[in-house]
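Heads up, query23.pdb below (PDB, N, CA and C atoms):
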```pdb
MODEL        1
ATOM      1  N   MET A   1      -6.720 -10.608 -16.618
ATOM      2  CA  MET A   1      -8.149 -10.409 -16.647
ATOM      3  C   MET A   1      -8.698 -10.742 -15.265
ATOM      4  N   SER A   2      -9.547  -9.895 -14.767
ATOM      5  CA  SER A   2     -10.102 -10.105 -13.430
ATOM      6  C   SER A   2     -11.015 -11.328 -13.411
ATOM      7  N   ASN A   3     -11.188 -11.895 -12.233
ATOM      8  CA  ASN A   3     -12.090 -13.031 -12.072
ATOM      9  C   ASN A   3     -13.520 -12.656 -12.454
ATOM     10  N   ALA A   4     -13.938 -11.452 -12.076
ATOM     11  CA  ALA A   4     -15.295 -11.006 -12.382
ATOM     12  C   ALA A   4     -15.512 -10.920 -13.892
ATOM     13  N   PHE A   5     -14.542 -10.372 -14.609
ATOM     14  CA  PHE A   5     -14.692 -10.257 -16.056
ATOM     15  C   PHE A   5     -14.646 -11.627 -16.713
ATOM     16  N   GLN A   6     -13.789 -12.495 -16.218
ATOM     17  CA  GLN A   6     -13.713 -13.862 -16.742
ATOM     18  C   GLN A   6     -15.050 -14.573 -16.538
ATOM     19  N   MET A   7     -15.668 -14.376 -15.372
ATOM     20  CA  MET A   7     -16.959 -14.982 -15.094
ATOM     21  C   MET A   7     -18.022 -14.429 -16.057
ATOM     22  N   PHE A   8     -17.993 -13.131 -16.294
ATOM     23  CA  PHE A   8     -18.908 -12.505 -17.242
ATOM     24  C   PHE A   8     -18.758 -13.149 -18.618
ATOM     25  N   MET A   9     -17.526 -13.327 -19.066
ATOM     26  CA  MET A   9     -17.266 -13.919 -20.378
ATOM     27  C   MET A   9     -17.780 -15.361 -20.441
ATOM     28  N   THR A  10     -17.629 -16.098 -19.355
ATOM     29  CA  THR A  10     -18.030 -17.496 -19.318
ATOM     30  C   THR A  10     -19.541 -17.664 -19.150
ATOM     31  N   ASP A  11     -20.106 -16.908 -18.225
ATOM     32  CA  ASP A  11     -21.515 -17.086 -17.874
ATOM     33  C   ASP A  11     -22.494 -16.385 -18.807
ATOM     34  N   ALA A  12     -22.044 -15.391 -19.522
ATOM     35  CA  ALA A  12     -22.926 -14.641 -20.430
ATOM     36  C   ALA A  12     -22.231 -14.422 -21.767
ATOM     37  N   PRO A  13     -21.982 -15.488 -22.512
ATOM     38  CA  PRO A  13     -21.176 -15.352 -23.734
ATOM     39  C   PRO A  13     -21.763 -14.405 -24.779
ATOM     40  N   LYS A  14     -23.077 -14.404 -24.959
ATOM     41  CA  LYS A  14     -23.664 -13.497 -25.962
ATOM     42  C   LYS A  14     -23.527 -12.045 -25.528
ATOM     43  N   ARG A  15     -23.773 -11.783 -24.260
ATOM     44  CA  ARG A  15     -23.649 -10.407 -23.757
ATOM     45  C   ARG A  15     -22.195  -9.958 -23.754
ATOM     46  N   SER A  16     -21.293 -10.852 -23.389
ATOM     47  CA  SER A  16     -19.877 -10.468 -23.375
ATOM     48  C   SER A  16     -19.377 -10.212 -24.791
ATOM     49  N   GLN A  17     -19.881 -10.969 -25.756
ATOM     50  CA  GLN A  17     -19.500 -10.713 -27.153
ATOM     51  C   GLN A  17     -20.014  -9.351 -27.606
ATOM     52  N   ALA A  18     -21.242  -9.027 -27.232
ATOM     53  CA  ALA A  18     -21.798  -7.708 -27.570
ATOM     54  C   ALA A  18     -20.981  -6.605 -26.916
ATOM     55  N   TRP A  19     -20.585  -6.819 -25.671
ATOM     56  CA  TRP A  19     -19.763  -5.841 -24.946
ATOM     57  C   TRP A  19     -18.428  -5.640 -25.662
ATOM     58  N   MET A  20     -17.774  -6.734 -26.032
ATOM     59  CA  MET A  20     -16.475  -6.633 -26.691
ATOM     60  C   MET A  20     -16.604  -5.941 -28.053
ATOM     61  N   THR A  21     -17.693  -6.174 -28.767
ATOM     62  CA  THR A  21     -17.923  -5.496 -30.046
ATOM     63  C   THR A  21     -18.055  -3.996 -29.825
ATOM     64  N   ALA A  22     -18.811  -3.614 -28.788
ATOM     65  CA  ALA A  22     -18.969  -2.188 -28.474
ATOM     66  C   ALA A  22     -17.626  -1.561 -28.089
ATOM     67  N   ILE A  23     -16.854  -2.251 -27.270
ATOM     68  CA  ILE A  23     -15.549  -1.745 -26.832
ATOM     69  C   ILE A  23     -14.615  -1.578 -28.029
ATOM     70  N   GLN A  24     -14.611  -2.551 -28.926
ATOM     71  CA  GLN A  24     -13.751  -2.452 -30.115
ATOM     72  C   GLN A  24     -14.164  -1.281 -30.994
ATOM     73  N   GLY A  25     -15.471  -1.040 -31.108
ATOM     74  CA  GLY A  25     -15.946   0.101 -31.880
ATOM     75  C   GLY A  25     -15.506   1.419 -31.275
ATOM     76  N   LEU A  26     -15.622   1.521 -29.959
ATOM     77  CA  LEU A  26     -15.171   2.730 -29.270
ATOM     78  C   LEU A  26     -13.663   2.904 -29.404
ATOM     79  N   ASP A  27     -12.945   1.805 -29.302
ATOM     80  CA  ASP A  27     -11.488   1.846 -29.427
ATOM     81  C   ASP A  27     -11.080   2.344 -30.808
ATOM     82  N   ASN A  28     -11.757   1.855 -31.827
ATOM     83  CA  ASN A  28     -11.443   2.276 -33.197
ATOM     84  C   ASN A  28     -11.788   3.738 -33.448
ATOM     85  N   ALA A  29     -12.749   4.272 -32.702
ATOM     86  CA  ALA A  29     -13.166   5.661 -32.891
ATOM     87  C   ALA A  29     -12.312   6.647 -32.095
ATOM     88  N   SER A  30     -11.424   6.157 -31.241
ATOM     89  CA  SER A  30     -10.618   7.024 -30.390
ATOM     90  C   SER A  30      -9.615   7.831 -31.207
ATOM     91  N   ALA A  31      -9.456   9.087 -30.843
ATOM     92  CA  ALA A  31      -8.465   9.951 -31.494
ATOM     93  C   ALA A  31      -7.089   9.809 -30.845
ATOM     94  N   LEU A  32      -7.024   9.101 -29.725
ATOM     95  CA  LEU A  32      -5.762   8.946 -28.997
ATOM     96  C   LEU A  32      -4.965   7.769 -29.536
ATOM     97  N   ASP A  33      -3.646   7.861 -29.450
ATOM     98  CA  ASP A  33      -2.824   6.702 -29.767
ATOM     99  C   ASP A  33      -3.007   5.682 -28.641
ATOM    100  N   LYS A  34      -2.656   4.429 -28.902
ATOM    101  CA  LYS A  34      -2.916   3.343 -27.943
ATOM    102  C   LYS A  34      -2.262   3.582 -26.587
ATOM    103  N   LYS A  35      -1.028   4.038 -26.564
ATOM    104  CA  LYS A  35      -0.333   4.252 -25.295
ATOM    105  C   LYS A  35      -1.048   5.314 -24.467
ATOM    106  N   THR A  36      -1.364   6.438 -25.078
ATOM    107  CA  THR A  36      -2.044   7.522 -24.357
ATOM    108  C   THR A  36      -3.417   7.069 -23.893
ATOM    109  N   GLU A  37      -4.120   6.333 -24.736
ATOM    110  CA  GLU A  37      -5.449   5.829 -24.388
ATOM    111  C   GLU A  37      -5.389   4.928 -23.142
ATOM    112  N   GLU A  38      -4.438   4.011 -23.111
ATOM    113  CA  GLU A  38      -4.310   3.105 -21.961
ATOM    114  C   GLU A  38      -3.894   3.854 -20.705
ATOM    115  N   LEU A  39      -2.971   4.800 -20.839
ATOM    116  CA  LEU A  39      -2.545   5.573 -19.669
ATOM    117  C   LEU A  39      -3.691   6.426 -19.128
ATOM    118  N   ALA A  40      -4.492   7.004 -20.016
ATOM    119  CA  ALA A  40      -5.652   7.785 -19.579
ATOM    120  C   ALA A  40      -6.663   6.880 -18.880
ATOM    121  N   TYR A  41      -6.869   5.699 -19.418
ATOM    122  CA  TYR A  41      -7.803   4.751 -18.810
ATOM    123  C   TYR A  41      -7.319   4.345 -17.423
ATOM    124  N   LEU A  42      -6.026   4.098 -17.295
ATOM    125  CA  LEU A  42      -5.459   3.764 -15.981
ATOM    126  C   LEU A  42      -5.626   4.913 -14.997
ATOM    127  N   ALA A  43      -5.473   6.139 -15.463
ATOM    128  CA  ALA A  43      -5.651   7.303 -14.591
ATOM    129  C   ALA A  43      -7.082   7.390 -14.080
ATOM    130  N   VAL A  44      -8.043   7.146 -14.950
ATOM    131  CA  VAL A  44      -9.448   7.170 -14.532
ATOM    132  C   VAL A  44      -9.717   6.048 -13.542
ATOM    133  N   MET A  45      -9.197   4.855 -13.832
ATOM    134  CA  MET A  45      -9.395   3.723 -12.920
ATOM    135  C   MET A  45      -8.799   4.025 -11.546
ATOM    136  N   ALA A  46      -7.633   4.632 -11.519
ATOM    137  CA  ALA A  46      -6.994   4.972 -10.248
ATOM    138  C   ALA A  46      -7.818   6.011  -9.491
ATOM    139  N   ALA A  47      -8.314   7.009 -10.200
ATOM    140  CA  ALA A  47      -9.111   8.059  -9.558
ATOM    141  C   ALA A  47     -10.394   7.505  -8.966
ATOM    142  N   LEU A  48     -10.963   6.499  -9.621
ATOM    143  CA  LEU A  48     -12.209   5.897  -9.154
ATOM    144  C   LEU A  48     -11.983   4.691  -8.237
ATOM    145  N   ARG A  49     -10.710   4.378  -8.018
ATOM    146  CA  ARG A  49     -10.316   3.234  -7.193
ATOM    147  C   ARG A  49     -10.886   1.912  -7.710
ATOM    148  N   LEU A  50     -10.872   1.768  -9.013
ATOM    149  CA  LEU A  50     -11.294   0.533  -9.668
ATOM    150  C   LEU A  50     -10.047  -0.291  -9.960
ATOM    151  N   GLU A  51      -9.731  -1.202  -9.085
ATOM    152  CA  GLU A  51      -8.457  -1.906  -9.152
ATOM    153  C   GLU A  51      -8.460  -3.159 -10.026
ATOM    154  N   SER A  52      -9.628  -3.721 -10.286
ATOM    155  CA  SER A  52      -9.657  -5.032 -10.942
ATOM    156  C   SER A  52      -9.059  -5.026 -12.346
ATOM    157  N   GLY A  53      -9.187  -3.944 -13.079
ATOM    158  CA  GLY A  53      -8.668  -3.908 -14.440
ATOM    159  C   GLY A  53      -7.265  -3.366 -14.571
ATOM    160  N   VAL A  54      -6.671  -2.950 -13.461
ATOM    161  CA  VAL A  54      -5.344  -2.325 -13.520
ATOM    162  C   VAL A  54      -4.282  -3.252 -14.105
ATOM    163  N   PRO A  55      -4.167  -4.508 -13.671
ATOM    164  CA  PRO A  55      -3.120  -5.360 -14.253
ATOM    165  C   PRO A  55      -3.258  -5.527 -15.770
ATOM    166  N   PHE A  56      -4.475  -5.738 -16.236
ATOM    167  CA  PHE A  56      -4.697  -5.911 -17.675
ATOM    168  C   PHE A  56      -4.325  -4.649 -18.443
ATOM    169  N   HIS A  57      -4.808  -3.501 -17.987
ATOM    170  CA  HIS A  57      -4.560  -2.267 -18.724
ATOM    171  C   HIS A  57      -3.118  -1.787 -18.563
ATOM    172  N   THR A  58      -2.456  -2.155 -17.478
ATOM    173  CA  THR A  58      -1.026  -1.874 -17.338
ATOM    174  C   THR A  58      -0.249  -2.644 -18.403
ATOM    175  N   GLN A  59      -0.598  -3.908 -18.566
ATOM    176  CA  GLN A  59       0.060  -4.721 -19.591
ATOM    177  C   GLN A  59      -0.208  -4.156 -20.982
ATOM    178  N   MET A  60      -1.432  -3.736 -21.234
ATOM    179  CA  MET A  60      -1.763  -3.150 -22.532
ATOM    180  C   MET A  60      -0.970  -1.860 -22.771
ATOM    181  N   ALA A  61      -0.819  -1.049 -21.726
ATOM    182  CA  ALA A  61      -0.040   0.187 -21.852
ATOM    183  C   ALA A  61       1.427  -0.127 -22.146
ATOM    184  N   LYS A  62       1.968  -1.129 -21.470
ATOM    185  CA  LYS A  62       3.358  -1.526 -21.723
ATOM    186  C   LYS A  62       3.532  -2.018 -23.152
ATOM    187  N   GLN A  63       2.576  -2.806 -23.637
ATOM    188  CA  GLN A  63       2.648  -3.309 -25.013
ATOM    189  C   GLN A  63       2.575  -2.169 -26.024
ATOM    190  N   ALA A  64       1.925  -1.080 -25.626
ATOM    191  CA  ALA A  64       1.806   0.080 -26.515
ATOM    192  C   ALA A  64       2.993   1.024 -26.403
ATOM    193  N   GLY A  65       3.951   0.694 -25.519
ATOM    194  CA  GLY A  65       5.172   1.499 -25.424
ATOM    195  C   GLY A  65       5.351   2.287 -24.146
ATOM    196  N   ALA A  66       4.424   2.175 -23.212
ATOM    197  CA  ALA A  66       4.576   2.886 -21.940
ATOM    198  C   ALA A  66       5.685   2.240 -21.110
ATOM    199  N   SER A  67       6.393   3.045 -20.363
ATOM    200  CA  SER A  67       7.447   2.534 -19.488
ATOM    201  C   SER A  67       7.607   3.494 -18.296
ATOM    202  N   ARG A  68       8.299   3.003 -17.310
ATOM    203  CA  ARG A  68       8.590   3.869 -16.146
ATOM    204  C   ARG A  68       9.711   4.819 -16.514
ATOM    205  N   THR A  69       9.627   6.053 -16.004
ATOM    206  CA  THR A  69      10.729   6.996 -16.185
ATOM    207  C   THR A  69      11.405   7.166 -14.834
ATOM    208  N   LYS A  70      12.677   7.378 -14.878
ATOM    209  CA  LYS A  70      13.430   7.508 -13.633
ATOM    210  C   LYS A  70      13.983   8.899 -13.490
TER     211      LYS A  70
ENDMDL
END
```

structure tokens encoding of this file:
Amino acid sequence: MSNAFQMFMTDAPKRSQAWMTAIQGLDNASALDKKTEELAYLAVMAALRLESGVPFHTQMAKQAGASRTK
């Protein structure tokens, strides 16, 4: 988890809880399987050069079954 997100969770607990509720709702509404969803999210983050969430979402993708191909 990035330092910025950790700070958000600590400094604004009510807002961060609302954010997490919204994210969980969106996650539950997704038609994609977890692995594809995480890989797509990583692709968008890479395209936008948003690096802070990459380690977290990489781990989530791995937990969902993503792996390197050789």

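Near Ala66 in chain A, within a cut-off of 8 Å and counting only N, CA and C atoms, sit the residues Lys34, Lys35, Thr36, Leu39 and Met60 of chain A, with same-chain residues fewer than 6 positions away left out.
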
Write out, as an mmCIF file, in the frame of the given file, the residues just selected, with N, CA and C atoms.
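Result went into again.cif, see below:
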```
data_model
loop_
_atom_site.group_PDB
_atom_site.id
_atom_site.type_symbol
_atom_site.label_atom_id
_atom_site.label_comp_id
_atom_site.auth_asym_id
_atom_site.auth_seq_id
_atom_site.Cartn_x
_atom_site.Cartn_y
_atom_site.Cartn_z
ATOM 1 N N LYS A 34 -2.656 4.429 -28.902
ATOM 2 C CA LYS A 34 -2.916 3.343 -27.943
ATOM 3 C C LYS A 34 -2.262 3.582 -26.587
ATOM 4 N N LYS A 35 -1.028 4.038 -26.564
ATOM 5 C CA LYS A 35 -0.333 4.252 -25.295
ATOM 6 C C LYS A 35 -1.048 5.314 -24.467
ATOM 7 N N THR A 36 -1.364 6.438 -25.078
ATOM 8 C CA THR A 36 -2.044 7.522 -24.357
ATOM 9 C C THR A 36 -3.417 7.069 -23.893
ATOM 10 N N LEU A 39 -2.971 4.800 -20.839
ATOM 11 C CA LEU A 39 -2.545 5.573 -19.669
ATOM 12 C C LEU A 39 -3.691 6.426 -19.128
ATOM 13 N N MET A 60 -1.432 -3.736 -21.234
ATOM 14 C CA MET A 60 -1.763 -3.150 -22.532
ATOM 15 C C MET A 60 -0.970 -1.860 -22.771
#
```

Point-to-point distance from CA of Thr21 in chain A to atom N of Arg49 in chain A, Å rounded to tenths: 25.2 Å

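As for CA of Asp27 in chain A and atom N of Thr69 in chain A, they are spaced 25.4 Å apart.
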
Among chain A, which ones does DSSP assign to helix (DSSP H, G or I) (computed from the backbone)? Answer as a PyMOL selection string. chain A and resi 3-11+13-29+34-47+54-63

Calculate how many Å separate atom N of Met20 in chain A from atom N of Ala64 in chain A, rounding to one decimal. 20.5 Å

Enumerate, as a ChimeraX atom specification, the residues matched when the PyMOL selection byres ((chain A and resi 2) around 7) is run on the file above. /A:1,3-7,52-53,56

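Distance annotation: of A:Ile23, A:Ala46, A:Ala18, A:Ala29, the residue with the minimal separation from Thr58 in chain A is A:Ala46; atom set is only C-alpha atoms.
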
With all heavy atoms as the goal, would you fill in the gaps in range 37-48 of chain A and present it as a PDB file, in the frame of the given file?
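result-v6.pdb, freshly written:
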```pdb
ATOM      1  N   GLU A  37      -4.120   6.333 -24.736  1.00  0.00           N
ATOM      2  CA  GLU A  37      -5.449   5.829 -24.388  1.00  0.00           C
ATOM      3  C   GLU A  37      -5.389   4.928 -23.142  1.00  0.00           C
ATOM      4  O   GLU A  37      -6.183   5.087 -22.216  1.00  0.00           O
ATOM      5  CB  GLU A  37      -6.008   5.047 -25.576  1.00  0.00           C
ATOM      6  CG  GLU A  37      -7.411   4.535 -25.381  1.00  0.00           C
ATOM      7  CD  GLU A  37      -7.906   3.805 -26.618  1.00  0.00           C
ATOM      8  OE1 GLU A  37      -7.518   4.157 -27.747  1.00  0.00           O
ATOM      9  OE2 GLU A  37      -8.697   2.874 -26.435  1.00  0.00           O
ATOM     10  N   GLU A  38      -4.438   4.011 -23.111  1.00  0.00           N
ATOM     11  CA  GLU A  38      -4.310   3.105 -21.961  1.00  0.00           C
ATOM     12  C   GLU A  38      -3.894   3.854 -20.705  1.00  0.00           C
ATOM     13  O   GLU A  38      -4.400   3.582 -19.612  1.00  0.00           O
ATOM     14  CB  GLU A  38      -3.330   1.973 -22.268  1.00  0.00           C
ATOM     15  CG  GLU A  38      -3.842   0.960 -23.261  1.00  0.00           C
ATOM     16  CD  GLU A  38      -5.073   0.199 -22.793  1.00  0.00           C
ATOM     17  OE1 GLU A  38      -5.320   0.081 -21.572  1.00  0.00           O
ATOM     18  OE2 GLU A  38      -5.816  -0.287 -23.659  1.00  0.00           O
ATOM     19  N   LEU A  39      -2.971   4.800 -20.839  1.00  0.00           N
ATOM     20  CA  LEU A  39      -2.545   5.573 -19.669  1.00  0.00           C
ATOM     21  C   LEU A  39      -3.691   6.426 -19.128  1.00  0.00           C
ATOM     22  O   LEU A  39      -3.872   6.531 -17.908  1.00  0.00           O
ATOM     23  CB  LEU A  39      -1.339   6.440 -20.022  1.00  0.00           C
ATOM     24  CG  LEU A  39      -0.048   5.668 -20.302  1.00  0.00           C
ATOM     25  CD1 LEU A  39       1.025   6.605 -20.822  1.00  0.00           C
ATOM     26  CD2 LEU A  39       0.428   4.915 -19.065  1.00  0.00           C
ATOM     27  N   ALA A  40      -4.492   7.004 -20.016  1.00  0.00           N
ATOM     28  CA  ALA A  40      -5.652   7.785 -19.579  1.00  0.00           C
ATOM     29  C   ALA A  40      -6.663   6.880 -18.880  1.00  0.00           C
ATOM     30  O   ALA A  40      -7.238   7.246 -17.842  1.00  0.00           O
ATOM     31  CB  ALA A  40      -6.289   8.487 -20.768  1.00  0.00           C
ATOM     32  N   TYR A  41      -6.869   5.699 -19.418  1.00  0.00           N
ATOM     33  CA  TYR A  41      -7.803   4.751 -18.810  1.00  0.00           C
ATOM     34  C   TYR A  41      -7.319   4.345 -17.423  1.00  0.00           C
ATOM     35  O   TYR A  41      -8.104   4.282 -16.474  1.00  0.00           O
ATOM     36  CB  TYR A  41      -7.961   3.530 -19.714  1.00  0.00           C
ATOM     37  CG  TYR A  41      -9.168   2.697 -19.375  1.00  0.00           C
ATOM     38  CD1 TYR A  41     -10.435   3.088 -19.790  1.00  0.00           C
ATOM     39  CD2 TYR A  41      -9.048   1.525 -18.644  1.00  0.00           C
ATOM     40  CE1 TYR A  41     -11.549   2.332 -19.476  1.00  0.00           C
ATOM     41  CE2 TYR A  41     -10.157   0.768 -18.320  1.00  0.00           C
ATOM     42  CZ  TYR A  41     -11.407   1.182 -18.742  1.00  0.00           C
ATOM     43  OH  TYR A  41     -12.500   0.429 -18.430  1.00  0.00           O
ATOM     44  N   LEU A  42      -6.026   4.098 -17.295  1.00  0.00           N
ATOM     45  CA  LEU A  42      -5.459   3.764 -15.981  1.00  0.00           C
ATOM     46  C   LEU A  42      -5.626   4.913 -14.997  1.00  0.00           C
ATOM     47  O   LEU A  42      -5.917   4.686 -13.816  1.00  0.00           O
ATOM     48  CB  LEU A  42      -3.976   3.395 -16.116  1.00  0.00           C
ATOM     49  CG  LEU A  42      -3.708   1.998 -16.654  1.00  0.00           C
ATOM     50  CD1 LEU A  42      -2.263   1.863 -17.094  1.00  0.00           C
ATOM     51  CD2 LEU A  42      -4.059   0.942 -15.615  1.00  0.00           C
ATOM     52  N   ALA A  43      -5.473   6.139 -15.463  1.00  0.00           N
ATOM     53  CA  ALA A  43      -5.651   7.303 -14.591  1.00  0.00           C
ATOM     54  C   ALA A  43      -7.082   7.390 -14.080  1.00  0.00           C
ATOM     55  O   ALA A  43      -7.311   7.652 -12.886  1.00  0.00           O
ATOM     56  CB  ALA A  43      -5.278   8.586 -15.340  1.00  0.00           C
ATOM     57  N   VAL A  44      -8.043   7.146 -14.950  1.00  0.00           N
ATOM     58  CA  VAL A  44      -9.448   7.170 -14.532  1.00  0.00           C
ATOM     59  C   VAL A  44      -9.717   6.048 -13.542  1.00  0.00           C
ATOM     60  O   VAL A  44     -10.380   6.245 -12.511  1.00  0.00           O
ATOM     61  CB  VAL A  44     -10.382   7.066 -15.756  1.00  0.00           C
ATOM     62  CG1 VAL A  44     -11.829   6.838 -15.333  1.00  0.00           C
ATOM     63  CG2 VAL A  44     -10.265   8.320 -16.611  1.00  0.00           C
ATOM     64  N   MET A  45      -9.197   4.855 -13.832  1.00  0.00           N
ATOM     65  CA  MET A  45      -9.395   3.723 -12.920  1.00  0.00           C
ATOM     66  C   MET A  45      -8.799   4.025 -11.546  1.00  0.00           C
ATOM     67  O   MET A  45      -9.411   3.713 -10.514  1.00  0.00           O
ATOM     68  CB  MET A  45      -8.783   2.457 -13.507  1.00  0.00           C
ATOM     69  CG  MET A  45      -9.533   1.960 -14.724  1.00  0.00           C
ATOM     70  SD  MET A  45      -8.755   0.519 -15.469  1.00  0.00           S
ATOM     71  CE  MET A  45      -9.150  -0.692 -14.238  1.00  0.00           C
ATOM     72  N   ALA A  46      -7.633   4.632 -11.519  1.00  0.00           N
ATOM     73  CA  ALA A  46      -6.994   4.972 -10.248  1.00  0.00           C
ATOM     74  C   ALA A  46      -7.818   6.011  -9.491  1.00  0.00           C
ATOM     75  O   ALA A  46      -8.022   5.885  -8.277  1.00  0.00           O
ATOM     76  CB  ALA A  46      -5.582   5.485 -10.489  1.00  0.00           C
ATOM     77  N   ALA A  47      -8.314   7.009 -10.200  1.00  0.00           N
ATOM     78  CA  ALA A  47      -9.111   8.059  -9.558  1.00  0.00           C
ATOM     79  C   ALA A  47     -10.394   7.505  -8.966  1.00  0.00           C
ATOM     80  O   ALA A  47     -10.848   7.958  -7.912  1.00  0.00           O
ATOM     81  CB  ALA A  47      -9.426   9.157 -10.569  1.00  0.00           C
ATOM     82  N   LEU A  48     -10.963   6.499  -9.621  1.00  0.00           N
ATOM     83  CA  LEU A  48     -12.209   5.897  -9.154  1.00  0.00           C
ATOM     84  C   LEU A  48     -11.983   4.691  -8.237  1.00  0.00           C
ATOM     85  O   LEU A  48     -12.936   4.066  -7.796  1.00  0.00           O
ATOM     86  CB  LEU A  48     -13.082   5.488 -10.350  1.00  0.00           C
ATOM     87  CG  LEU A  48     -13.553   6.637 -11.233  1.00  0.00           C
ATOM     88  CD1 LEU A  48     -14.289   6.092 -12.453  1.00  0.00           C
ATOM     89  CD2 LEU A  48     -14.443   7.592 -10.454  1.00  0.00           C
TER      90      LEU A  48
END
```
